>>> print(open('my_file_28.cif').read())   # mmCIF, C-alpha atoms and all ligand atoms
data_data
#
loop_
_atom_site.label_atom_id
_atom_site.label_comp_id
_atom_site.auth_asym_id
_atom_site.auth_seq_id
_atom_site.Cartn_x
_atom_site.Cartn_y
_atom_site.Cartn_z
CA MET V 1 8.98 15.08 3.15
CA ARG V 2 6.71 15.71 6.08
CA ALA V 3 4.54 12.89 7.30
CA SER V 4 1.33 14.72 6.54
CA GLY V 5 -0.10 17.60 4.60
CA GLU V 6 1.51 19.27 1.67
CA THR V 7 4.99 18.59 0.36
CA VAL V 8 7.14 20.31 -2.26
CA ARG V 9 5.59 23.17 -4.19
CA PRO V 10 3.23 22.20 -6.99
CA ALA V 11 4.33 22.31 -10.63
CA GLN V 12 4.11 25.75 -12.14
CA HIS V 13 2.31 24.71 -15.29
CA ARG V 14 -1.47 24.75 -15.06
CA ARG V 15 -3.48 21.92 -16.46
CA ASP V 16 -6.16 23.79 -18.33
CA GLY V 17 -8.41 22.54 -21.04
CA ALA V 18 -9.29 19.06 -22.18
CA PHE V 19 -7.74 16.08 -20.46
CA ARG V 20 -8.13 12.34 -20.25
CA LEU V 21 -9.26 10.90 -16.92
CA SER V 22 -8.67 7.29 -15.90
CA VAL V 23 -10.55 5.86 -12.93
CA ILE V 24 -8.96 2.59 -11.84
CA VAL V 25 -10.88 0.14 -9.68
CA PRO V 26 -9.64 -3.09 -8.04
CA MET V 27 -12.57 -5.47 -7.61
CA PHE V 28 -12.72 -8.66 -5.61
CA ASN V 29 -16.14 -10.24 -5.07
CA GLU V 30 -17.94 -6.97 -5.70
CA GLU V 31 -21.03 -8.22 -7.56
CA GLY V 32 -23.23 -6.50 -4.98
CA SER V 33 -21.55 -3.11 -5.36
CA ALA V 34 -20.54 -2.99 -9.03
CA ASP V 35 -23.78 -1.55 -10.44
CA ALA V 36 -24.17 1.05 -7.72
CA PHE V 37 -20.53 1.96 -8.20
CA PHE V 38 -20.93 2.58 -11.93
CA ASP V 39 -24.15 4.53 -11.31
CA ALA V 40 -22.24 6.79 -8.95
CA VAL V 41 -18.96 7.17 -10.81
CA LEU V 42 -20.13 7.58 -14.42
CA PRO V 43 -21.94 10.92 -13.94
CA VAL V 44 -19.00 12.28 -11.92
CA ALA V 45 -16.50 11.33 -14.63
CA ALA V 46 -18.76 12.58 -17.45
CA GLY V 47 -19.18 15.89 -15.60
CA LEU V 48 -15.42 16.39 -15.61
CA THR V 49 -14.48 15.37 -19.15
CA ASP V 50 -15.79 13.51 -22.20
CA ASP V 51 -12.52 11.72 -22.49
CA PHE V 52 -12.54 9.33 -19.55
CA GLU V 53 -12.13 5.61 -18.93
CA ILE V 54 -13.12 3.39 -16.03
CA LEU V 55 -10.63 0.56 -15.85
CA CYS V 56 -11.75 -2.32 -13.62
CA VAL V 57 -9.51 -5.15 -12.50
CA ASP V 58 -11.31 -8.32 -11.47
CA ASP V 59 -8.88 -9.77 -8.97
CA GLY V 60 -9.98 -13.41 -9.30
CA SER V 61 -13.49 -12.90 -7.92
CA ARG V 62 -15.47 -16.01 -7.11
CA ASP V 63 -18.79 -14.30 -7.82
CA ALA V 64 -20.35 -12.57 -10.83
CA THR V 65 -18.23 -9.40 -10.67
CA SER V 66 -16.89 -9.77 -14.22
CA GLU V 67 -20.37 -10.44 -15.63
CA ARG V 68 -21.67 -7.29 -13.94
CA VAL V 69 -18.85 -5.22 -15.43
CA ARG V 70 -19.28 -6.78 -18.87
CA ALA V 71 -22.99 -5.99 -18.80
CA ARG V 72 -22.14 -2.31 -18.34
CA MET V 73 -19.44 -2.37 -21.02
CA GLY V 74 -22.10 -2.99 -23.68
CA ALA V 75 -23.72 0.36 -22.98
CA GLU V 76 -20.57 2.27 -22.04
CA PRO V 77 -17.48 1.60 -24.21
CA ARG V 78 -15.36 3.73 -21.89
CA ILE V 79 -15.39 0.93 -19.29
CA GLY V 80 -12.58 -1.62 -19.50
CA LEU V 81 -11.92 -4.89 -17.68
CA ILE V 82 -8.77 -6.80 -16.85
CA ARG V 83 -9.45 -10.25 -15.41
CA PHE V 84 -6.80 -11.96 -13.31
CA SER V 85 -6.29 -15.70 -13.50
CA ARG V 86 -6.68 -15.89 -9.70
CA ASN V 87 -6.74 -13.60 -6.68
CA PHE V 88 -3.41 -11.77 -6.60
CA GLY V 89 -4.41 -9.17 -4.02
CA LYS V 90 -5.38 -5.53 -4.15
CA GLU V 91 -1.84 -4.25 -4.59
CA ALA V 92 -1.36 -6.40 -7.71
CA ALA V 93 -4.74 -5.26 -9.05
CA LEU V 94 -3.71 -1.62 -8.64
CA THR V 95 -0.41 -2.38 -10.35
CA ALA V 96 -2.17 -3.92 -13.35
CA ALA V 97 -4.49 -0.93 -13.64
CA LEU V 98 -1.59 1.52 -13.43
CA ASP V 99 0.25 -0.46 -16.12
CA ASN V 100 -2.71 -0.25 -18.49
CA CYS V 101 -4.41 3.07 -17.81
CA ASP V 102 -4.03 5.96 -20.18
CA GLY V 103 -5.16 9.14 -18.43
CA ASP V 104 -3.47 12.49 -17.90
CA ALA V 105 -4.93 12.18 -14.42
CA VAL V 106 -5.46 8.75 -12.88
CA VAL V 107 -7.71 8.19 -9.86
CA SER V 108 -7.67 4.94 -7.90
CA ILE V 109 -10.83 4.18 -5.96
CA ASP V 110 -12.44 1.16 -4.25
CA ALA V 111 -15.54 -0.42 -5.75
CA ASP V 112 -17.48 -0.62 -2.48
CA LEU V 113 -18.48 3.09 -2.42
CA GLN V 114 -16.73 3.66 0.91
CA MET V 115 -14.88 6.34 -1.03
CA ARG V 116 -17.45 8.69 -2.57
CA PRO V 117 -16.79 9.30 -6.29
CA GLU V 118 -17.85 12.98 -5.97
CA VAL V 119 -14.53 13.64 -4.24
CA ILE V 120 -12.86 13.00 -7.62
CA ALA V 121 -14.06 16.44 -8.77
CA ASP V 122 -12.21 18.13 -5.88
CA MET V 123 -9.12 16.06 -6.68
CA VAL V 124 -9.16 17.21 -10.29
CA THR V 125 -9.46 20.83 -9.15
CA LYS V 126 -6.30 20.41 -7.04
CA TRP V 127 -4.59 18.65 -9.94
CA ARG V 128 -5.44 21.59 -12.20
CA ASP V 129 -3.87 23.85 -9.56
CA GLY V 130 -0.63 22.01 -10.23
CA TRP V 131 -0.42 19.23 -7.63
CA ASP V 132 0.89 15.93 -9.03
CA VAL V 133 -0.62 13.73 -6.33
CA VAL V 134 -3.86 14.40 -4.46
CA ALA V 135 -4.38 11.86 -1.67
CA ALA V 136 -7.75 11.63 0.05
CA THR V 137 -7.40 11.47 3.82
CA ARG V 138 -10.03 9.79 5.95
CA ALA V 139 -11.57 12.33 8.27
CA ASP V 140 -12.31 9.59 10.83
CA ARG V 141 -12.25 5.84 11.33
CA ALA V 142 -15.82 5.54 12.53
CA THR V 143 -16.63 2.72 10.10
CA ASP V 144 -13.74 0.55 11.28
CA SER V 145 -13.82 -1.79 14.26
CA GLY V 146 -12.08 -0.43 17.35
CA LEU V 147 -9.31 -3.00 17.09
CA ARG V 148 -8.63 -2.24 13.42
CA ALA V 149 -8.56 1.52 14.02
CA PHE V 150 -6.19 1.00 16.96
CA PHE V 151 -3.75 -1.18 15.01
CA SER V 152 -3.90 1.10 11.96
CA ARG V 153 -2.90 4.11 14.02
CA ARG V 154 -0.07 2.18 15.69
CA PHE V 155 1.10 0.99 12.29
CA TYR V 156 1.41 4.49 10.81
CA LEU V 157 3.11 5.73 13.97
CA TYR V 158 5.79 3.02 14.06
CA PHE V 159 6.15 2.81 10.29
CA ASN V 160 6.93 6.51 10.05
CA ARG V 161 9.41 6.24 12.91
CA ILE V 162 11.56 3.59 11.26
CA SER V 163 10.94 4.04 7.53
CA GLU V 164 13.09 6.16 5.28
CA THR V 165 9.91 6.99 3.34
CA PRO V 166 7.23 8.43 5.62
CA ILE V 167 3.63 7.95 4.52
CA PRO V 168 0.86 10.35 5.49
CA PRO V 169 -1.35 8.67 8.12
CA GLU V 170 -4.95 7.87 7.23
CA THR V 171 -4.41 8.04 3.48
CA GLY V 172 -5.67 4.95 1.72
CA ASP V 173 -5.59 4.07 -1.93
CA PHE V 174 -8.08 6.78 -2.88
CA ARG V 175 -5.88 9.23 -4.74
CA LEU V 176 -5.28 11.08 -7.96
CA LEU V 177 -1.96 10.66 -9.74
CA ASP V 178 -0.64 12.77 -12.57
CA ARG V 179 0.51 10.85 -15.64
CA GLU V 180 4.15 11.60 -14.75
CA VAL V 181 3.70 9.86 -11.40
CA VAL V 182 2.11 6.84 -13.07
CA LEU V 183 5.06 6.58 -15.45
CA ALA V 184 7.41 6.74 -12.47
CA LEU V 185 5.47 3.98 -10.67
CA ARG V 186 5.68 1.76 -13.75
CA GLN V 187 9.44 1.80 -13.37
CA LEU V 188 9.39 0.20 -9.93
CA PRO V 189 10.07 -3.50 -10.45
CA GLU V 190 9.53 -4.98 -6.99
CA ARG V 191 7.23 -7.96 -6.47
CA THR V 192 6.18 -7.10 -2.94
CA ARG V 193 4.03 -4.12 -3.76
CA PHE V 194 3.14 -2.01 -0.78
CA MET V 195 1.45 0.68 -2.85
CA LYS V 196 1.04 3.27 -0.08
CA GLY V 197 4.81 3.19 0.34
CA LEU V 198 5.53 3.21 -3.40
CA PHE V 199 3.23 6.22 -3.87
CA ALA V 200 5.24 8.07 -1.23
CA TRP V 201 8.58 6.83 -2.50
CA VAL V 202 8.24 8.33 -5.99
CA GLY V 203 7.77 11.78 -4.47
CA PHE V 204 6.30 14.58 -6.62
CA SER V 205 4.22 17.40 -5.21
CA THR V 206 1.59 15.92 -2.96
CA THR V 207 -1.41 17.41 -1.24
CA THR V 208 -4.24 15.86 0.74
CA ILE V 209 -7.98 16.45 0.97
CA ASP V 210 -10.31 15.16 3.69
CA TYR V 211 -13.26 12.93 2.93
CA ASP V 212 -15.78 10.92 4.94
CA HIS V 213 -15.15 7.21 4.61
CA GLY V 214 -18.59 5.62 4.31
CA GLU V 215 -19.99 2.18 4.99
CA ARG V 216 -19.47 -0.62 2.50
CA HIS V 217 -22.30 -0.70 -0.09
CA ALA V 218 -22.56 -4.52 -0.05
CA GLY V 219 -20.49 -7.54 1.00
CA THR V 220 -17.77 -7.57 3.62
CA SER V 221 -14.22 -6.28 3.78
CA SER V 222 -11.59 -8.72 2.52
CA PHE V 223 -9.05 -7.37 4.96
CA LYS V 224 -9.26 -9.39 8.15
CA LEU V 225 -6.82 -8.75 10.98
CA TRP V 226 -4.38 -11.52 10.01
CA LYS V 227 -4.24 -10.26 6.41
CA LEU V 228 -3.69 -6.72 7.68
CA TRP V 229 -0.87 -7.92 9.93
CA ASN V 230 0.89 -9.53 6.95
CA PHE V 231 0.23 -6.42 4.92
CA ALA V 232 1.88 -4.36 7.65
CA LEU V 233 4.90 -6.70 7.59
CA ASP V 234 5.12 -6.25 3.80
CA GLY V 235 5.10 -2.50 4.29
CA ILE V 236 7.75 -2.45 6.98
CA THR V 237 10.11 -4.93 5.32
CA SER V 238 9.79 -3.06 2.01
CA PHE V 239 10.59 0.32 3.43
CA SER V 240 12.82 -0.17 6.45
CA THR V 241 15.83 -2.28 7.34
CA PHE V 242 15.65 -1.16 10.96
CA PRO V 243 14.18 -4.45 12.28
CA LEU V 244 17.10 -6.26 10.63
CA ARG V 245 19.78 -3.95 11.95
CA VAL V 246 18.49 -3.48 15.49
CA TRP V 247 19.76 -6.93 16.55
CA SER V 248 23.39 -5.84 16.44
CA TYR V 249 22.55 -3.25 19.07
CA VAL V 250 20.52 -5.66 21.15
CA GLY V 251 23.49 -8.04 20.89
CA PHE V 252 25.98 -5.36 21.94
CA ALA V 253 23.81 -4.33 24.88
CA SER V 254 23.32 -7.88 26.16
CA ALA V 255 27.01 -8.73 25.64
CA PHE V 256 27.92 -5.63 27.64
CA MET V 257 25.56 -6.58 30.46
CA ALA V 258 26.86 -10.18 30.37
CA PHE V 259 30.40 -8.85 30.69
CA ILE V 260 29.53 -6.73 33.73
CA TYR V 261 27.64 -9.58 35.36
CA GLY V 262 30.39 -12.09 34.48
CA SER V 263 33.05 -9.86 36.00
CA TRP V 264 31.01 -9.53 39.16
CA ILE V 265 30.67 -13.35 39.42
CA VAL V 266 34.43 -13.85 38.95
CA ILE V 267 35.25 -11.26 41.58
CA ARG V 268 32.66 -12.67 43.96
CA THR V 269 34.00 -16.22 43.49
CA LEU V 270 37.58 -15.04 44.10
CA ILE V 271 36.60 -13.28 47.31
CA PHE V 272 33.88 -15.54 48.76
CA GLY V 273 34.72 -18.89 47.12
CA ILE V 274 32.51 -21.11 45.00
CA ASP V 275 28.80 -20.57 45.45
CA VAL V 276 26.56 -23.30 43.97
CA PRO V 277 23.09 -21.68 44.04
CA GLY V 278 22.29 -19.58 40.95
CA TYR V 279 20.09 -22.01 39.11
CA ALA V 280 17.18 -19.57 38.88
CA SER V 281 19.19 -16.65 37.47
CA LEU V 282 20.96 -18.99 35.02
CA LEU V 283 17.69 -20.33 33.71
CA VAL V 284 16.18 -16.85 33.34
CA PHE V 285 19.18 -15.69 31.30
CA ILE V 286 19.20 -18.71 29.05
CA LEU V 287 15.50 -18.51 28.35
CA PHE V 288 15.60 -14.75 27.79
CA LEU V 289 18.55 -14.87 25.40
CA GLY V 290 17.07 -17.90 23.63
CA GLY V 291 13.87 -15.95 23.08
CA ILE V 292 15.72 -12.92 21.75
CA GLN V 293 17.70 -15.08 19.37
CA LEU V 294 14.59 -16.73 18.02
CA ILE V 295 12.93 -13.35 17.46
CA SER V 296 15.96 -12.06 15.58
CA LEU V 297 16.05 -15.22 13.48
CA GLY V 298 12.36 -14.78 12.72
CA VAL V 299 12.92 -11.20 11.60
CA MET V 300 15.72 -12.35 9.31
CA GLY V 301 13.36 -14.99 7.96
CA GLU V 302 10.80 -12.30 7.10
CA TYR V 303 13.38 -10.45 5.03
CA LEU V 304 14.92 -13.56 3.53
CA GLY V 305 11.51 -14.84 2.45
CA ARG V 306 10.77 -11.59 0.66
CA LEU V 307 14.22 -11.54 -0.88
CA LEU V 308 13.46 -14.98 -2.30
CA THR V 309 10.18 -13.71 -3.75
CA GLU V 310 12.02 -10.83 -5.42
CA THR V 311 14.77 -12.99 -6.90
CA LYS V 312 12.30 -15.42 -8.46
CA ARG V 313 11.10 -12.51 -10.59
CA ARG V 314 7.69 -13.98 -11.18
CA PRO V 315 5.17 -11.58 -12.72
CA ILE V 316 3.19 -9.53 -10.22
CA TYR V 317 -0.08 -10.70 -11.77
CA LEU V 318 -1.38 -12.83 -14.62
CA ALA V 319 -4.31 -11.56 -16.67
CA ARG V 320 -6.50 -14.09 -18.42
CA SER V 321 -8.20 -11.36 -20.45
CA THR V 322 -7.59 -7.67 -21.03
CA GLU V 323 -10.36 -5.60 -22.58
CA LEU V 324 -9.19 -2.01 -22.60
CA PRO V 325 -11.69 0.81 -23.03
CA GLU V 326 -12.08 2.38 -26.44
CA ARG V 327 -9.53 5.12 -26.85
CA ASP V 328 -9.33 7.69 -29.56
CA GLY V 329 -5.86 8.80 -30.59
CA ALA V 330 -2.58 7.15 -29.68
CA ARG V 331 -0.43 8.32 -26.82
CA PRO V 332 2.87 10.11 -27.31
CA ALA V 333 6.06 8.11 -26.97
CA ASP V 334 6.36 8.50 -23.19
CA ASP V 335 4.79 5.04 -22.75
CA LYS V 336 8.10 3.57 -23.87
CA ARG V 337 9.52 4.35 -20.46
CA GLU V 338 7.67 1.46 -18.90
CA ALA V 339 9.85 -1.14 -17.23
CA PRO V 340 9.15 -4.68 -18.42
CA ARG V 341 7.24 -6.81 -15.98
N1 LIG V 401 -9.79 -5.93 -3.35
C1 LIG V 401 -9.05 -6.55 -4.38
N2 LIG V 401 -8.37 -7.72 -4.10
C2 LIG V 401 -8.38 -8.29 -2.86
C3 LIG V 401 -9.10 -7.63 -1.83
C4 LIG V 401 -9.79 -6.46 -2.10
O1 LIG V 401 -9.01 -6.06 -5.51
O2 LIG V 401 -7.77 -9.34 -2.70
C5 LIG V 401 -10.51 -4.67 -3.64
C6 LIG V 401 -11.96 -4.66 -3.21
O3 LIG V 401 -12.81 -5.16 -4.21
C7 LIG V 401 -12.22 -3.19 -2.96
C8 LIG V 401 -10.87 -2.70 -2.45
O4 LIG V 401 -9.91 -3.65 -2.90
O5 LIG V 401 -12.55 -2.49 -4.17
C9 LIG V 401 -10.84 -2.56 -0.94
O6 LIG V 401 -11.17 -3.78 -0.35
P1 LIG V 401 -12.06 -3.89 0.98
O7 LIG V 401 -13.24 -2.97 0.87
O8 LIG V 401 -12.34 -5.33 1.20
O9 LIG V 401 -11.06 -3.37 2.08
P2 LIG V 401 -11.27 -2.25 3.21
O10 LIG V 401 -12.10 -1.15 2.62
O11 LIG V 401 -11.95 -2.94 4.34
O12 LIG V 401 -9.88 -1.82 3.53
MG MG V 402 -13.78 -1.20 1.60
#
>>> encode(input="my_file_28.cif", output="structure tokens")
Amino acid sequence: MRASGETVRPAQHRRDGAFRLSVIVPMFNEEGSADAFFDAVLPVAAGLTDDFEILCVDDGSRDATSERVRARMGAEPRIGLIRFSRNFGKEAALTAALDNCDGDAVVSIDADLQMRPEVIADMVTKWRDGWDVVAATRADRATDSGLRAFFSRRFYLYFNRISETPIPPETGDFRLLDREVVLALRQLPERTRFMKGLFAWVGFSTTTIDYDHGERHAGTSSFKLWKLWNFALDGITSFSTFPLRVWSYVGFASAFMAFIYGSWIVIRTLIFGIDVPGYASLLVFILFLGGIQLISLGVMGEYLGRLLTETKRRPIYLARSTELPERDGARPADDKREAPR
């Protein structure tokens, strides 16, 4: 797979006619955006199909997000709400929505209107052309702080260098997934859920479309730099073992240099006799190697910690209530392929 643009050829079958659309929305403290979001997304969805659902996941909000969603559910039975028992993070919220959505095409979108819902229509057009995944690519990073844009770019660059699963740069979680892709994602059991990587890992024919990433409608971003750094570590440790393996090579290289230097000292001592000075070089070597060893231990800790999380096999999220949208007609048996969580 190439790191950007289009991948394997799209499926040959065309997706004509009626279809069910699921729009899935992670929400954390979005009381200020929820109403505007529904006002924007409902006409877009209704313009595409009668058979749609908007599935919201309240990721343990501390404000009135759930109340705002419930208020809309009275008038629009095609809105659903899953409430988490606490904040489990955006990746868990997306996972819950993917586990419970029911569409032939599933679109994940943020609630803050930074991703314009009108783009969904273009995504559906591409999906009808046969693409299984349509990822929206940010045309620019103008709405991000300089530091965040800088680190994001670096992240994609280094991630794609060392990961076995490249991810297209500048694609966020605004994307359309065909039902087949959703079923594939439901089979992935890992607890550390770096969704961008999982989306890429399952494969399928993928195309991208550009969109303008807007300003947040209300509130502030929940992703501060420290959270993003940990998110980046999750991504790298989930999709690359390079940081773990590189230490053997660093070890070989330093052992080789130590051997050369050691030989030189032995020869020098044999020829010129014992030479006491050398305190400075000794100290530099000890400190340098000590530092390297601590870094390598730290990297192992990062992996070991995540391994522990995986082996505990705790659920990825806990829902305290699940109110699914009204659906007419049961799904065929393909739902049975879900892996248990
Ligand atoms: N979000 C979530 N759980 C969290 C943090 C964020 O469900 O712990 C949701 C949030 O409500 C929004 C989306 O994820 O719909 C993106 O979050 P945000 O806008 O804060 O991030 P940014 O756009 O700055 O990356
Ligand atoms: Mg946002």
>>> residues_near_ligand(input="my_file_28.cif", ligand="ligand LIG 401 (chain V)", cutoff="6 Å", atoms="only C-alpha atoms and all ligand atoms", output="count of residues only")
15
>>> atom_distance(input="my_file_28.cif", atom1="CA of Phe52 in chain V", atom2="CA of Ala18 in chain V")
10.6 Å
>>> residues_near_ligand(input="my_file_28.cif", ligand="ligand MG 402 (chain V)", cutoff="10 Å", atoms="only C-alpha atoms and all ligand atoms", output="number ranges by chain")
V: 109-115, 143-144, 213-223
>>> residues_around(input="my_file_28.cif", residues="Ala105 in chain V", least_positions_apart="3", cutoff="12 Å", atoms="only C-alpha atoms", output="mmCIF file with C-alpha atoms, in the frame of the given file")
data_model
loop_
_atom_site.group_PDB
_atom_site.id
_atom_site.type_symbol
_atom_site.label_atom_id
_atom_site.label_comp_id
_atom_site.auth_asym_id
_atom_site.auth_seq_id
_atom_site.Cartn_x
_atom_site.Cartn_y
_atom_site.Cartn_z
ATOM 1 C CA ARG V 15 -3.480 21.920 -16.460
ATOM 2 C CA ALA V 18 -9.290 19.060 -22.180
ATOM 3 C CA PHE V 19 -7.740 16.080 -20.460
ATOM 4 C CA ARG V 20 -8.130 12.340 -20.250
ATOM 5 C CA LEU V 21 -9.260 10.900 -16.920
ATOM 6 C CA SER V 22 -8.670 7.290 -15.900
ATOM 7 C CA VAL V 23 -10.550 5.860 -12.930
ATOM 8 C CA ILE V 24 -8.960 2.590 -11.840
ATOM 9 C CA ALA V 45 -16.500 11.330 -14.630
ATOM 10 C CA LEU V 48 -15.420 16.390 -15.610
ATOM 11 C CA THR V 49 -14.480 15.370 -19.150
ATOM 12 C CA ASP V 51 -12.520 11.720 -22.490
ATOM 13 C CA PHE V 52 -12.540 9.330 -19.550
ATOM 14 C CA GLU V 53 -12.130 5.610 -18.930
ATOM 15 C CA LEU V 98 -1.590 1.520 -13.430
ATOM 16 C CA CYS V 101 -4.410 3.070 -17.810
ATOM 17 C CA ASP V 102 -4.030 5.960 -20.180
ATOM 18 C CA SER V 108 -7.670 4.940 -7.900
ATOM 19 C CA ILE V 120 -12.860 13.000 -7.620
ATOM 20 C CA ALA V 121 -14.060 16.440 -8.770
ATOM 21 C CA MET V 123 -9.120 16.060 -6.680
ATOM 22 C CA VAL V 124 -9.160 17.210 -10.290
ATOM 23 C CA THR V 125 -9.460 20.830 -9.150
ATOM 24 C CA LYS V 126 -6.300 20.410 -7.040
ATOM 25 C CA TRP V 127 -4.590 18.650 -9.940
ATOM 26 C CA ARG V 128 -5.440 21.590 -12.200
ATOM 27 C CA GLY V 130 -0.630 22.010 -10.230
ATOM 28 C CA TRP V 131 -0.420 19.230 -7.630
ATOM 29 C CA ASP V 132 0.890 15.930 -9.030
ATOM 30 C CA VAL V 133 -0.620 13.730 -6.330
ATOM 31 C CA VAL V 134 -3.860 14.400 -4.460
ATOM 32 C CA ARG V 175 -5.880 9.230 -4.740
ATOM 33 C CA LEU V 176 -5.280 11.080 -7.960
ATOM 34 C CA LEU V 177 -1.960 10.660 -9.740
ATOM 35 C CA ASP V 178 -0.640 12.770 -12.570
ATOM 36 C CA ARG V 179 0.510 10.850 -15.640
ATOM 37 C CA GLU V 180 4.150 11.600 -14.750
ATOM 38 C CA VAL V 181 3.700 9.860 -11.400
ATOM 39 C CA VAL V 182 2.110 6.840 -13.070
ATOM 40 C CA LEU V 183 5.060 6.580 -15.450
#
>>> residues_around(input="my_file_28.cif", residues="Ala92 in chain V", least_positions_apart="4", cutoff="8 Å", atoms="all atoms listed in the file", output="ChimeraX atom specification")
/V:88,96,193,316-317
>>> axis_aligned_box(input="my_file_28.cif", around="range 240-251 of chain V", padding_each_side="6 Å", output="JSON")
{"center_x": 18.2, "center_y": -4.1, "center_z": 13.8, "size_x": 22.7, "size_y": 19.9, "size_z": 26.7}
>>> atom_distance(input="my_file_28.cif", atom1="CA of Trp229 in chain V", atom2="CA of Arg154 in chain V")
11.7 Å
>>> atom_distance(input="my_file_28.cif", atom1="CA of Leu318 in chain V", atom2="CA of Arg86 in chain V")
7.9 Å
>>> closest_residue(input="my_file_28.cif", among="V:Thr171, V:Ser254, V:Leu233, V:Ile260", to="Phe288 in chain V", atoms="all atoms listed in the file")
V:Ser254
>>> closest_residue(input="my_file_28.cif", among="V:Asp140, V:Glu91, V:Glu323, V:Glu31", to="Arg62 in chain V", atoms="only C-alpha atoms")
V:Glu31
>>> closest_residue(input="my_file_28.cif", among="V:Gly262, V:Gly197, V:Gly305, V:Gly80", to="Ile54 in chain V", atoms="all atoms listed in the file")
V:Gly80
>>> closest_residue(input="my_file_28.cif", among="V:Phe155, V:Phe174, V:Phe199, V:Tyr261", to="Ala232 in chain V", atoms="all atoms listed in the file")
V:Phe155
>>> build_atoms(input="my_file_28.cif", residues="range 304-317 of chain V", atoms="N, CA, C and O atoms", output="mmCIF file, in the frame of the given file")
data_model
loop_
_atom_site.group_PDB
_atom_site.id
_atom_site.type_symbol
_atom_site.label_atom_id
_atom_site.label_comp_id
_atom_site.auth_asym_id
_atom_site.auth_seq_id
_atom_site.Cartn_x
_atom_site.Cartn_y
_atom_site.Cartn_z
ATOM 1 N N LEU V 304 14.391 -12.565 4.459
ATOM 2 C CA LEU V 304 14.920 -13.560 3.530
ATOM 3 C C LEU V 304 13.815 -14.093 2.634
ATOM 4 O O LEU V 304 14.004 -14.245 1.417
ATOM 5 N N GLY V 305 12.640 -14.333 3.217
ATOM 6 C CA GLY V 305 11.510 -14.840 2.450
ATOM 7 C C GLY V 305 11.141 -13.867 1.338
ATOM 8 O O GLY V 305 10.889 -14.255 0.197
ATOM 9 N N ARG V 306 11.142 -12.579 1.678
ATOM 10 C CA ARG V 306 10.770 -11.590 0.660
ATOM 11 C C ARG V 306 11.868 -11.437 -0.386
ATOM 12 O O ARG V 306 11.603 -11.182 -1.557
ATOM 13 N N LEU V 307 13.104 -11.597 0.067
ATOM 14 C CA LEU V 307 14.220 -11.540 -0.880
ATOM 15 C C LEU V 307 14.085 -12.664 -1.905
ATOM 16 O O LEU V 307 14.297 -12.473 -3.108
ATOM 17 N N LEU V 308 13.678 -13.836 -1.417
ATOM 18 C CA LEU V 308 13.460 -14.980 -2.300
ATOM 19 C C LEU V 308 12.376 -14.665 -3.328
ATOM 20 O O LEU V 308 12.536 -14.914 -4.526
ATOM 21 N N THR V 309 11.273 -14.069 -2.837
ATOM 22 C CA THR V 309 10.180 -13.710 -3.750
ATOM 23 C C THR V 309 10.693 -12.757 -4.837
ATOM 24 O O THR V 309 10.349 -12.893 -6.007
ATOM 25 N N GLU V 310 11.517 -11.798 -4.439
ATOM 26 C CA GLU V 310 12.020 -10.830 -5.420
ATOM 27 C C GLU V 310 12.931 -11.514 -6.447
ATOM 28 O O GLU V 310 12.849 -11.245 -7.636
ATOM 29 N N THR V 311 13.796 -12.413 -5.973
ATOM 30 C CA THR V 311 14.770 -12.990 -6.900
ATOM 31 C C THR V 311 14.110 -13.964 -7.883
ATOM 32 O O THR V 311 14.631 -14.181 -8.966
ATOM 33 N N LYS V 312 12.964 -14.521 -7.516
ATOM 34 C CA LYS V 312 12.300 -15.420 -8.460
ATOM 35 C C LYS V 312 11.760 -14.665 -9.662
ATOM 36 O O LYS V 312 11.520 -15.265 -10.706
ATOM 37 N N ARG V 313 11.527 -13.380 -9.497
ATOM 38 C CA ARG V 313 11.100 -12.510 -10.590
ATOM 39 C C ARG V 313 9.867 -13.039 -11.320
ATOM 40 O O ARG V 313 9.776 -12.962 -12.542
ATOM 41 N N ARG V 314 8.959 -13.604 -10.574
ATOM 42 C CA ARG V 314 7.690 -13.980 -11.180
ATOM 43 C C ARG V 314 6.907 -12.717 -11.474
ATOM 44 O O ARG V 314 7.081 -11.716 -10.806
ATOM 45 N N PRO V 315 5.994 -12.766 -12.462
ATOM 46 C CA PRO V 315 5.170 -11.580 -12.720
ATOM 47 C C PRO V 315 4.324 -11.234 -11.499
ATOM 48 O O PRO V 315 4.019 -12.108 -10.684
ATOM 49 N N ILE V 316 3.969 -9.974 -11.371
ATOM 50 C CA ILE V 316 3.190 -9.530 -10.220
ATOM 51 C C ILE V 316 1.753 -10.027 -10.325
ATOM 52 O O ILE V 316 1.084 -10.268 -9.334
ATOM 53 N N TYR V 317 1.291 -10.207 -11.554
ATOM 54 C CA TYR V 317 -0.080 -10.700 -11.770
ATOM 55 C C TYR V 317 -0.129 -11.390 -13.125
ATOM 56 O O TYR V 317 0.745 -11.183 -13.971
#
